[in-house]
Structure formats: C-alpha cells, structure tokens
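File shown: run.cif (mmCIF, C-alpha atoms).
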```cif
data_run
loop_
_atom_site.label_atom_id
_atom_site.label_comp_id
_atom_site.auth_asym_id
_atom_site.auth_seq_id
_atom_site.Cartn_x
_atom_site.Cartn_y
_atom_site.Cartn_z
CA MET K 30 -2.48 -20.71 20.68
CA GLN K 31 -0.40 -21.79 17.67
CA ASN K 32 -2.43 -19.50 15.41
CA LYS K 33 -1.81 -16.58 17.79
CA LYS K 34 1.93 -17.20 17.66
CA LEU K 35 1.77 -17.34 13.88
CA PHE K 36 -0.10 -14.03 13.75
CA SER K 37 2.43 -12.52 16.16
CA LEU K 38 5.29 -13.64 13.95
CA PHE K 39 3.65 -12.31 10.78
CA GLY K 40 2.83 -9.06 12.57
CA PHE K 41 6.38 -8.71 13.86
CA ILE K 42 8.00 -9.30 10.46
CA LEU K 43 5.57 -7.27 8.34
CA GLY K 44 5.27 -4.50 10.91
CA TRP K 45 8.95 -3.72 11.23
CA PHE K 46 9.62 -4.33 7.53
CA SER K 47 6.95 -1.84 6.46
CA LEU K 48 8.11 0.78 8.96
CA ILE K 49 11.78 0.50 8.03
CA ALA K 50 10.97 0.45 4.31
CA GLN K 51 8.75 3.54 4.64
CA PHE K 52 11.49 5.37 6.53
CA VAL K 53 14.07 4.53 3.85
CA ILE K 54 11.69 5.62 1.07
CA MET K 55 11.04 8.94 2.81
CA MET K 56 14.74 9.55 3.39
CA GLN K 57 15.58 8.83 -0.25
CA SER K 58 12.82 10.97 -1.72
CA SER K 59 12.91 13.83 0.77
CA GLU K 60 13.66 17.38 -0.36
CA VAL K 61 14.18 18.69 3.17
CA SER K 62 16.90 18.10 5.75
CA VAL K 63 17.42 14.77 7.50
CA ILE K 64 16.11 16.16 10.79
CA ASP K 65 13.00 17.57 9.13
CA THR K 66 12.39 14.26 7.36
CA ILE K 67 12.66 12.32 10.62
CA VAL K 68 10.24 14.73 12.31
CA ARG K 69 7.79 14.39 9.42
CA PHE K 70 8.03 10.60 9.56
CA PHE K 71 6.90 10.59 13.17
CA THR K 72 4.07 13.07 12.60
CA PHE K 73 2.03 10.45 10.75
CA PHE K 74 -0.55 8.72 12.93
CA THR K 75 -0.17 5.73 10.61
CA ILE K 76 3.49 5.41 11.54
CA LEU K 77 2.93 5.84 15.28
CA SER K 78 0.09 3.30 15.31
CA ASN K 79 2.12 0.77 13.33
CA ILE K 80 5.03 1.28 15.72
CA LEU K 81 2.71 0.45 18.63
CA VAL K 82 1.49 -2.65 16.79
CA SER K 83 5.05 -3.76 16.04
CA ILE K 84 6.20 -3.19 19.62
CA CYS K 85 3.21 -5.17 20.85
CA PHE K 86 4.04 -8.15 18.61
CA THR K 87 7.69 -7.88 19.65
CA ALA K 88 6.72 -7.92 23.33
CA VAL K 89 4.55 -10.98 22.80
CA LEU K 90 7.17 -12.90 20.81
CA PHE K 91 10.09 -12.12 23.11
CA ASN K 92 8.08 -12.08 26.33
CA PHE K 93 8.77 -8.60 27.70
CA SER K 94 6.73 -5.57 28.72
CA SER K 95 3.58 -6.54 30.56
CA PHE K 96 2.17 -3.16 29.45
CA PHE K 97 2.17 -4.06 25.75
CA LYS K 98 1.02 -7.61 26.45
CA SER K 99 -1.98 -6.48 28.49
CA TYR K 100 -5.42 -6.86 26.94
CA LYS K 101 -6.34 -3.27 27.79
CA THR K 102 -3.32 -1.87 25.97
CA GLN K 103 -3.91 -4.14 22.99
CA THR K 104 -7.54 -3.01 22.83
CA ALA K 105 -6.43 0.63 22.60
CA ILE K 106 -3.89 -0.22 19.90
CA ALA K 107 -6.56 -2.17 18.00
CA VAL K 108 -8.67 1.00 17.97
CA TYR K 109 -5.77 3.13 16.71
CA ILE K 110 -4.75 0.80 13.91
CA SER K 111 -8.40 0.32 12.89
CA ILE K 112 -8.77 4.08 12.54
CA VAL K 113 -5.65 4.09 10.35
CA ALA K 114 -7.32 1.59 8.01
CA ILE K 115 -10.71 3.33 8.06
CA VAL K 116 -9.46 6.87 7.41
CA TYR K 117 -6.98 5.83 4.75
CA ASN K 118 -9.31 3.60 2.80
CA ILE K 119 -12.27 6.00 2.95
CA ILE K 120 -10.53 9.36 2.61
CA LEU K 121 -6.85 9.20 1.68
CA ARG K 122 -6.53 6.25 -0.72
CA PHE K 123 -8.03 8.21 -3.61
CA ILE K 124 -5.80 11.27 -3.42
CA TRP K 125 -2.55 9.60 -4.53
CA GLU K 126 -1.34 6.60 -6.51
CA PRO K 127 1.85 5.09 -5.08
CA THR K 128 3.86 2.72 -7.28
CA GLY K 129 6.50 0.06 -6.80
CA LEU K 130 7.76 -0.60 -3.29
CA GLN K 131 5.84 2.41 -1.97
CA ARG K 132 2.57 0.80 -3.01
CA ILE K 133 3.46 -2.46 -1.27
CA VAL K 134 4.48 -0.64 1.90
CA ASP K 135 1.36 1.50 1.69
CA GLU K 136 -0.88 -1.58 1.65
CA LEU K 137 1.03 -3.16 4.52
CA LEU K 138 0.76 -0.08 6.74
CA HIS K 139 -2.89 0.69 6.00
CA VAL K 140 -4.49 -2.69 5.28
CA VAL K 141 -2.44 -5.79 6.06
CA ASN K 142 -0.98 -4.77 9.42
CA PRO K 143 -4.34 -3.50 10.75
CA ILE K 144 -6.11 -6.71 9.70
CA ILE K 145 -3.45 -8.93 11.28
CA PHE K 146 -3.52 -7.03 14.56
CA VAL K 147 -7.32 -6.87 14.85
CA ILE K 148 -7.56 -10.61 14.17
CA TYR K 149 -4.85 -11.21 16.76
CA TRP K 150 -6.75 -9.04 19.26
CA PHE K 151 -9.98 -10.92 18.58
CA MET K 152 -8.21 -14.25 19.09
CA SER K 153 -6.77 -13.15 22.44
CA LYS K 154 -8.38 -14.59 25.54
CA ASN K 155 -10.29 -11.89 27.36
CA GLU K 156 -9.89 -12.26 31.10
CA ILE K 157 -11.21 -8.84 32.05
CA SER K 158 -14.18 -6.57 31.50
CA LEU K 159 -13.46 -3.07 30.28
CA SER K 160 -15.37 -0.17 31.74
CA TYR K 161 -16.82 2.17 29.16
CA LYS K 162 -14.89 4.89 30.97
CA TYR K 163 -11.77 3.30 29.47
CA ILE K 164 -12.80 4.92 26.19
CA PHE K 165 -11.64 8.27 27.59
CA LYS K 166 -8.19 6.78 28.21
CA ILE K 167 -8.11 5.38 24.68
CA LEU K 168 -8.81 8.88 23.33
CA ILE K 169 -5.87 10.47 25.18
CA PHE K 170 -3.26 9.35 22.65
CA PRO K 171 -5.04 10.61 19.49
CA LEU K 172 -5.92 13.91 21.18
CA VAL K 173 -2.31 14.45 22.29
CA TYR K 174 -1.24 13.54 18.76
CA LEU K 175 -3.64 16.07 17.26
CA PHE K 176 -2.48 18.97 19.42
CA THR K 177 1.18 18.03 18.92
CA VAL K 178 0.87 17.87 15.12
CA LEU K 179 -0.95 21.20 14.98
CA LEU K 180 1.67 22.76 17.25
CA ILE K 181 4.56 21.44 15.14
CA GLY K 182 2.74 22.54 12.00
CA SER K 183 2.39 26.07 13.31
CA TYR K 184 6.19 26.29 13.41
CA THR K 185 7.11 24.23 10.34
CA ASN K 186 4.08 24.84 8.08
CA TYR K 187 3.98 21.09 7.48
CA TYR K 188 0.90 19.00 8.21
CA PRO K 189 0.92 15.23 7.54
CA TYR K 190 -2.71 14.99 6.40
CA PRO K 191 -4.77 17.26 4.11
CA PHE K 192 -7.68 17.37 6.58
CA LEU K 193 -5.31 18.90 9.16
CA ASP K 194 -3.57 21.32 6.80
CA VAL K 195 -4.31 24.70 8.33
CA ASN K 196 -2.53 26.50 5.48
CA ALA K 197 -4.79 24.93 2.86
CA ILE K 198 -8.20 24.78 4.55
CA GLY K 199 -7.96 27.08 7.58
CA TYR K 200 -8.44 26.51 11.30
CA THR K 201 -12.24 26.38 11.18
CA LYS K 202 -12.29 23.43 8.80
CA VAL K 203 -9.45 21.72 10.67
CA ILE K 204 -11.45 22.01 13.90
CA ILE K 205 -14.55 20.58 12.20
CA ASN K 206 -12.50 17.73 10.72
CA SER K 207 -10.87 17.06 14.08
CA ILE K 208 -14.25 16.85 15.81
CA GLY K 209 -15.47 14.47 13.11
CA ILE K 210 -12.45 12.17 13.39
CA SER K 211 -12.59 12.31 17.20
CA THR K 212 -16.20 11.17 16.97
CA VAL K 213 -15.13 8.24 14.81
CA PHE K 214 -12.47 7.39 17.39
CA ALA K 215 -15.10 7.41 20.13
CA ILE K 216 -17.48 5.21 18.13
CA VAL K 217 -14.79 2.67 17.23
CA SER K 218 -13.57 2.64 20.85
CA LEU K 219 -17.13 2.01 22.01
CA LEU K 220 -17.43 -0.86 19.55
CA PHE K 221 -14.20 -2.52 20.70
CA VAL K 222 -15.10 -2.19 24.38
CA PHE K 223 -18.56 -3.58 23.63
CA ILE K 224 -17.08 -6.58 21.80
CA CYS K 225 -14.60 -7.09 24.62
CA ASN K 226 -17.34 -7.23 27.25
CA ARG K 227 -19.59 -9.44 25.15
CA ARG K 228 -16.78 -11.99 24.99
CA ASP K 229 -16.16 -11.88 28.75
#
```

Starting from the file, lay out its structure as structure tokens.
Amino acid sequence: MQNKKLFSLFGFILGWFSLIAQFVIMMQSSEVSVIDTIVRFFTFFTILSNILVSICFTAVLFNFSSFFKSYKTQTAIAVYISIVAIVYNIILRFIWEPTGLQRIVDELLHVVNPIIFVIYWFMSKNEISLSYKYIFKILIFPLVYLFTVLLIGSYTNYYPYPFLDVNAIGYTKVIINSIGISTVFAIVSLLFVFICNRRD
C-alpha cells in the first residue's frame, strides 16, 4: 500500500509538471495565435492520455471521483498511456531530436509517466473480472479522438501526427494507418483485460 501511495505521488508530481511544462514550451515557441496553440495542444493523444493519468493520480491522492479511482477506468487509461509509449518509441522518436527542457518533458510524457502508471495499475488490487466486451468501451475514446482530430484538421489543415496528416499522405494512407493503430489498440486492450482476469 505504501508503494502504491509513493507511485501515486510520483505520478501526480511528474504528470502535472510535464503537462504544464509542455504547455508553456508550446506557448513560447508557437507561431500561431494563442487560441490555435491551445487547440493544437489538446489535439495530441499524448497530452490527453497524460491528463487522464494525472487526474487519476490526483483522484487517488485526494480521495475524490470514484470514476477515476475505479479499476475499470484505470485499466482503460493504462491502455491509452501504453499506446502513447509504444507509438512514440517505435514510430515518432526517430523523426525529431528535442533538446533541453523539451527533451526532459518528452521523456516524461512518453516514457516515465506511462511506466509509472502501468506499474501502479499492476500493483492495484483487482476485485473484479473484466468482460472482453469491455474492450469495445476502451476503444470509444481513441475512435472519438481520431474522428475529432481529422474533423479539426479538415478546417485548420493541422494534424498532430505525421501518420494522420491528410495533406502530406492523403486520406487513403491515413485510413490505412488508422486501421493499423486501431488494431494495436485492440490487441493492447485484449492483453490488459487478459492480465486483469488472470489476476482475479
């Protein structure tokens, strides 16, 4: 229990620090308006997933929101933040080289925070069994995210990730990439539900 509290505290501090720092960095380096910068900030799945992680740790530490403290919700968030780590470290890490504070924040958002949360999730006492149908509920958030980002992009011509950039690679490739990433989501969700039920 003490270890869980320690992980929650680390997650809380590092989560909010990395999010706030990333927001400040984007605001300072942005070449578009403040409103556009804010919109772009929230179009990153990395940011949204880390916000969910940080809210979860906040709820645990300050004892509020049964929704974010529930094992089912935390399982879904564990899937999301795991995908953040997987996609970044396999696909996106090699297309840019951040330096200074940006590099530190980058590692926190894509490596450290995901590891802390997944370990916390694994340490949590599982008092329920998850139906494999729950995977469809887990997939709702990323699918809504995908359609929202593509819709916003159609108006702003801005896409947060190169594999979703319709202007650069076209709709056909974006659809293929989306199907591929959705498949990864389904596989990772299946794995987490399987682990959950094996620990029941």

How many Å lie between CA of Phe96 in chain K and CA of Ile167 in chain K, rounded to one decimal?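 Going from CA of Phe96 in chain K over to CA of Ile167 in chain K, I get 14.2 Å.
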
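Excluding range 219-222 of chain K and any residue on its chain fewer than 2 positions from it, the residues at most 8 Å away by only C-alpha atoms are K:Thr104, K:Val108, K:Leu159, K:Ser160, K:Tyr161, K:Ile164, K:Ala215, K:Ile216, K:Val217, K:Ile224, K:Cys225, K:Asn226.
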
I need the chosen residues saved as a short mmCIF file (atom, residue, chain, number, x, y, z; two decimals), in the frame of the given file, with C-alpha atoms.
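Now in out-v1.cif:
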```cif
data_model
loop_
_atom_site.label_atom_id
_atom_site.label_comp_id
_atom_site.auth_asym_id
_atom_site.auth_seq_id
_atom_site.Cartn_x
_atom_site.Cartn_y
_atom_site.Cartn_z
CA THR K 104 -7.54 -3.01 22.83
CA VAL K 108 -8.67 1.00 17.97
CA LEU K 159 -13.46 -3.07 30.28
CA SER K 160 -15.37 -0.17 31.74
CA TYR K 161 -16.82 2.17 29.16
CA ILE K 164 -12.80 4.92 26.19
CA ALA K 215 -15.10 7.41 20.13
CA ILE K 216 -17.48 5.21 18.13
CA VAL K 217 -14.79 2.67 17.23
CA ILE K 224 -17.08 -6.58 21.80
CA CYS K 225 -14.60 -7.09 24.62
CA ASN K 226 -17.34 -7.23 27.25
#
```

Taking 2 positions as the minimum chain separation for residues in the same chain, which residues sit within 10 Å of Ile76 in chain K when counting only C-alpha atoms? Answer as JSON, numbers by chain. {"K": [47, 48, 51, 52, 70, 71, 72, 73, 74, 78, 79, 80, 81, 82, 110, 113, 138, 139]}

Can you list, as a PDB file with C-alpha atoms, in the frame of the given file, every protein, DNA or RNA residue that comes within 8 Å of range 193-209 of chain K when you count only C-alpha atoms, leaving out same-chain residues fewer than 5 positions away?
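And here's around-v7.pdb as it stands now:
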```
ATOM      1  CA  LEU K 175      -3.640  16.070  17.260  1.00  0.00           C
ATOM      2  CA  LEU K 179      -0.950  21.200  14.980  1.00  0.00           C
ATOM      3  CA  ASN K 186       4.080  24.840   8.080  1.00  0.00           C
ATOM      4  CA  TYR K 187       3.980  21.090   7.480  1.00  0.00           C
ATOM      5  CA  TYR K 188       0.900  19.000   8.210  1.00  0.00           C
TER       6      TYR K 188
END
```

Axis-aligned box over every listed atom of range 163-180 of chain K, padded by 5 Å per side: centre and edges in Å to one decimal, as AutoDock Vina command-line options?
```
--center_x -5.6 --center_y 13.0 --center_z 22.2 --size_x 24.5 --size_y 29.5 --size_z 24.5
```

Of K:Ile54, K:Val147, K:Ile210, K:Val61, the one sitting nearest Gly129 in chain K when using only C-alpha atoms is K:Ile54

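Minimum distance to Ile169 in chain K across K:Phe223, K:Tyr109, K:Phe91, K:Phe192 (counting all atoms listed in the file) occurs at K:Tyr109.
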
I'd like to know which of K:Ser153, K:Ser37, K:Ser218, K:Ser211 is closest to Thr87 in chain K, using only C-alpha atoms.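 Ranking K:Ser153, K:Ser37, K:Ser218, K:Ser211 by distance to Thr87 in chain K, first place goes to K:Ser37.
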
Do you have the CA of Phe36 in chain K-CA of Phe86 in chain K distance handy?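 Interatomic distance, CA of Phe36 in chain K to CA of Phe86 in chain K: 8.7 Å.
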
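Closest approach to Tyr163 in chain K among K:Ile115, K:Asn142, K:Arg132, K:Lys101: K:Lys101, based on only C-alpha atoms.
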
What gap, in Å, lies between CA of Ser83 in chain K and CA of Phe39 in chain K?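 Computed distance, CA of Ser83 in chain K to CA of Phe39 in chain K, equals 10.1 Å.
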
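The nearest approach to Val141 in chain K among the residues K:Lys33, K:Val63, K:Gly44, K:Phe176, with only C-alpha atoms taken into account, belongs to K:Gly44.
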
What would range 159-170 of chain K look like with all heavy atoms restored, written as an mmCIF file, in the coordinates of the input?
```cif
data_model
loop_
_atom_site.group_PDB
_atom_site.id
_atom_site.type_symbol
_atom_site.label_atom_id
_atom_site.label_comp_id
_atom_site.auth_asym_id
_atom_site.auth_seq_id
_atom_site.Cartn_x
_atom_site.Cartn_y
_atom_site.Cartn_z
ATOM 1 N N LEU K 159 -13.915 -4.450 30.393
ATOM 2 C CA LEU K 159 -13.460 -3.070 30.280
ATOM 3 C C LEU K 159 -14.613 -2.125 30.570
ATOM 4 O O LEU K 159 -15.682 -2.245 29.985
ATOM 5 C CB LEU K 159 -12.912 -2.799 28.879
ATOM 6 C CG LEU K 159 -11.594 -3.467 28.504
ATOM 7 C CD1 LEU K 159 -11.227 -3.122 27.076
ATOM 8 C CD2 LEU K 159 -10.484 -3.033 29.446
ATOM 9 N N SER K 160 -14.375 -1.197 31.477
ATOM 10 C CA SER K 160 -15.370 -0.170 31.740
ATOM 11 C C SER K 160 -15.473 0.745 30.531
ATOM 12 O O SER K 160 -14.475 1.008 29.844
ATOM 13 C CB SER K 160 -14.974 0.636 32.978
ATOM 14 O OG SER K 160 -15.757 1.803 33.088
ATOM 15 N N TYR K 161 -16.669 1.240 30.275
ATOM 16 C CA TYR K 161 -16.820 2.170 29.160
ATOM 17 C C TYR K 161 -16.087 3.477 29.416
ATOM 18 O O TYR K 161 -15.833 4.245 28.485
ATOM 19 C CB TYR K 161 -18.310 2.412 28.874
ATOM 20 C CG TYR K 161 -18.950 1.236 28.155
ATOM 21 C CD1 TYR K 161 -19.692 0.291 28.842
ATOM 22 C CD2 TYR K 161 -18.776 1.071 26.781
ATOM 23 C CE1 TYR K 161 -20.259 -0.803 28.181
ATOM 24 C CE2 TYR K 161 -19.334 -0.002 26.115
ATOM 25 C CZ TYR K 161 -20.073 -0.943 26.820
ATOM 26 O OH TYR K 161 -20.618 -2.024 26.150
ATOM 27 N N LYS K 162 -15.716 3.721 30.656
ATOM 28 C CA LYS K 162 -14.890 4.890 30.970
ATOM 29 C C LYS K 162 -13.490 4.767 30.368
ATOM 30 O O LYS K 162 -12.788 5.765 30.184
ATOM 31 C CB LYS K 162 -14.768 5.054 32.492
ATOM 32 C CG LYS K 162 -16.077 5.442 33.183
ATOM 33 C CD LYS K 162 -15.866 5.590 34.685
ATOM 34 C CE LYS K 162 -17.171 5.969 35.382
ATOM 35 N NZ LYS K 162 -16.990 6.093 36.853
ATOM 36 N N TYR K 163 -13.096 3.532 30.060
ATOM 37 C CA TYR K 163 -11.770 3.300 29.470
ATOM 38 C C TYR K 163 -11.652 3.975 28.106
ATOM 39 O O TYR K 163 -10.546 4.265 27.642
ATOM 40 C CB TYR K 163 -11.507 1.797 29.339
ATOM 41 C CG TYR K 163 -10.112 1.455 28.859
ATOM 42 C CD1 TYR K 163 -8.995 1.831 29.598
ATOM 43 C CD2 TYR K 163 -9.917 0.784 27.650
ATOM 44 C CE1 TYR K 163 -7.718 1.538 29.145
ATOM 45 C CE2 TYR K 163 -8.645 0.479 27.203
ATOM 46 C CZ TYR K 163 -7.552 0.857 27.958
ATOM 47 O OH TYR K 163 -6.287 0.560 27.520
ATOM 48 N N ILE K 164 -12.796 4.235 27.478
ATOM 49 C CA ILE K 164 -12.800 4.920 26.190
ATOM 50 C C ILE K 164 -12.098 6.269 26.287
ATOM 51 O O ILE K 164 -11.382 6.679 25.376
ATOM 52 C CB ILE K 164 -14.248 5.100 25.682
ATOM 53 C CG1 ILE K 164 -14.867 3.739 25.341
ATOM 54 C CG2 ILE K 164 -14.295 6.025 24.462
ATOM 55 C CD1 ILE K 164 -16.333 3.796 25.014
ATOM 56 N N PHE K 165 -12.281 6.960 27.417
ATOM 57 C CA PHE K 165 -11.640 8.270 27.590
ATOM 58 C C PHE K 165 -10.117 8.121 27.636
ATOM 59 O O PHE K 165 -9.394 8.989 27.140
ATOM 60 C CB PHE K 165 -12.150 8.938 28.872
ATOM 61 C CG PHE K 165 -13.607 9.308 28.819
ATOM 62 C CD1 PHE K 165 -14.552 8.557 29.488
ATOM 63 C CD2 PHE K 165 -14.037 10.396 28.076
ATOM 64 C CE1 PHE K 165 -15.896 8.881 29.433
ATOM 65 C CE2 PHE K 165 -15.378 10.734 28.009
ATOM 66 C CZ PHE K 165 -16.313 9.979 28.683
ATOM 67 N N LYS K 166 -9.632 7.025 28.191
ATOM 68 C CA LYS K 166 -8.190 6.780 28.210
ATOM 69 C C LYS K 166 -7.682 6.450 26.807
ATOM 70 O O LYS K 166 -6.589 6.867 26.417
ATOM 71 C CB LYS K 166 -7.862 5.641 29.176
ATOM 72 C CG LYS K 166 -8.076 5.991 30.639
ATOM 73 C CD LYS K 166 -7.598 4.881 31.558
ATOM 74 C CE LYS K 166 -7.766 5.278 33.014
ATOM 75 N NZ LYS K 166 -7.295 4.222 33.949
ATOM 76 N N ILE K 167 -8.488 5.703 26.055
ATOM 77 C CA ILE K 167 -8.110 5.380 24.680
ATOM 78 C C ILE K 167 -7.955 6.660 23.860
ATOM 79 O O ILE K 167 -7.062 6.771 23.006
ATOM 80 C CB ILE K 167 -9.162 4.459 24.034
ATOM 81 C CG1 ILE K 167 -9.172 3.085 24.726
ATOM 82 C CG2 ILE K 167 -8.894 4.290 22.533
ATOM 83 C CD1 ILE K 167 -10.252 2.151 24.218
ATOM 84 N N LEU K 168 -8.806 7.641 24.123
ATOM 85 C CA LEU K 168 -8.810 8.880 23.330
ATOM 86 C C LEU K 168 -7.659 9.820 23.673
ATOM 87 O O LEU K 168 -7.391 10.769 22.925
ATOM 88 C CB LEU K 168 -10.137 9.608 23.532
ATOM 89 C CG LEU K 168 -11.386 8.904 22.979
ATOM 90 C CD1 LEU K 168 -12.636 9.702 23.331
ATOM 91 C CD2 LEU K 168 -11.284 8.712 21.480
ATOM 92 N N ILE K 169 -6.962 9.572 24.771
ATOM 93 C CA ILE K 169 -5.870 10.470 25.180
ATOM 94 C C ILE K 169 -4.784 10.536 24.114
ATOM 95 O O ILE K 169 -4.334 11.626 23.722
ATOM 96 C CB ILE K 169 -5.271 10.024 26.529
ATOM 97 C CG1 ILE K 169 -6.273 10.261 27.658
ATOM 98 C CG2 ILE K 169 -3.968 10.784 26.807
ATOM 99 C CD1 ILE K 169 -5.811 9.727 29.009
ATOM 100 N N PHE K 170 -4.349 9.382 23.636
ATOM 101 C CA PHE K 170 -3.260 9.350 22.650
ATOM 102 C C PHE K 170 -3.596 10.117 21.365
ATOM 103 O O PHE K 170 -2.810 10.976 20.933
ATOM 104 C CB PHE K 170 -2.866 7.904 22.338
ATOM 105 C CG PHE K 170 -1.868 7.760 21.229
ATOM 106 C CD1 PHE K 170 -0.607 8.318 21.334
ATOM 107 C CD2 PHE K 170 -2.191 7.066 20.060
ATOM 108 C CE1 PHE K 170 0.322 8.198 20.303
ATOM 109 C CE2 PHE K 170 -1.273 6.939 19.030
ATOM 110 C CZ PHE K 170 -0.022 7.506 19.154
#
```
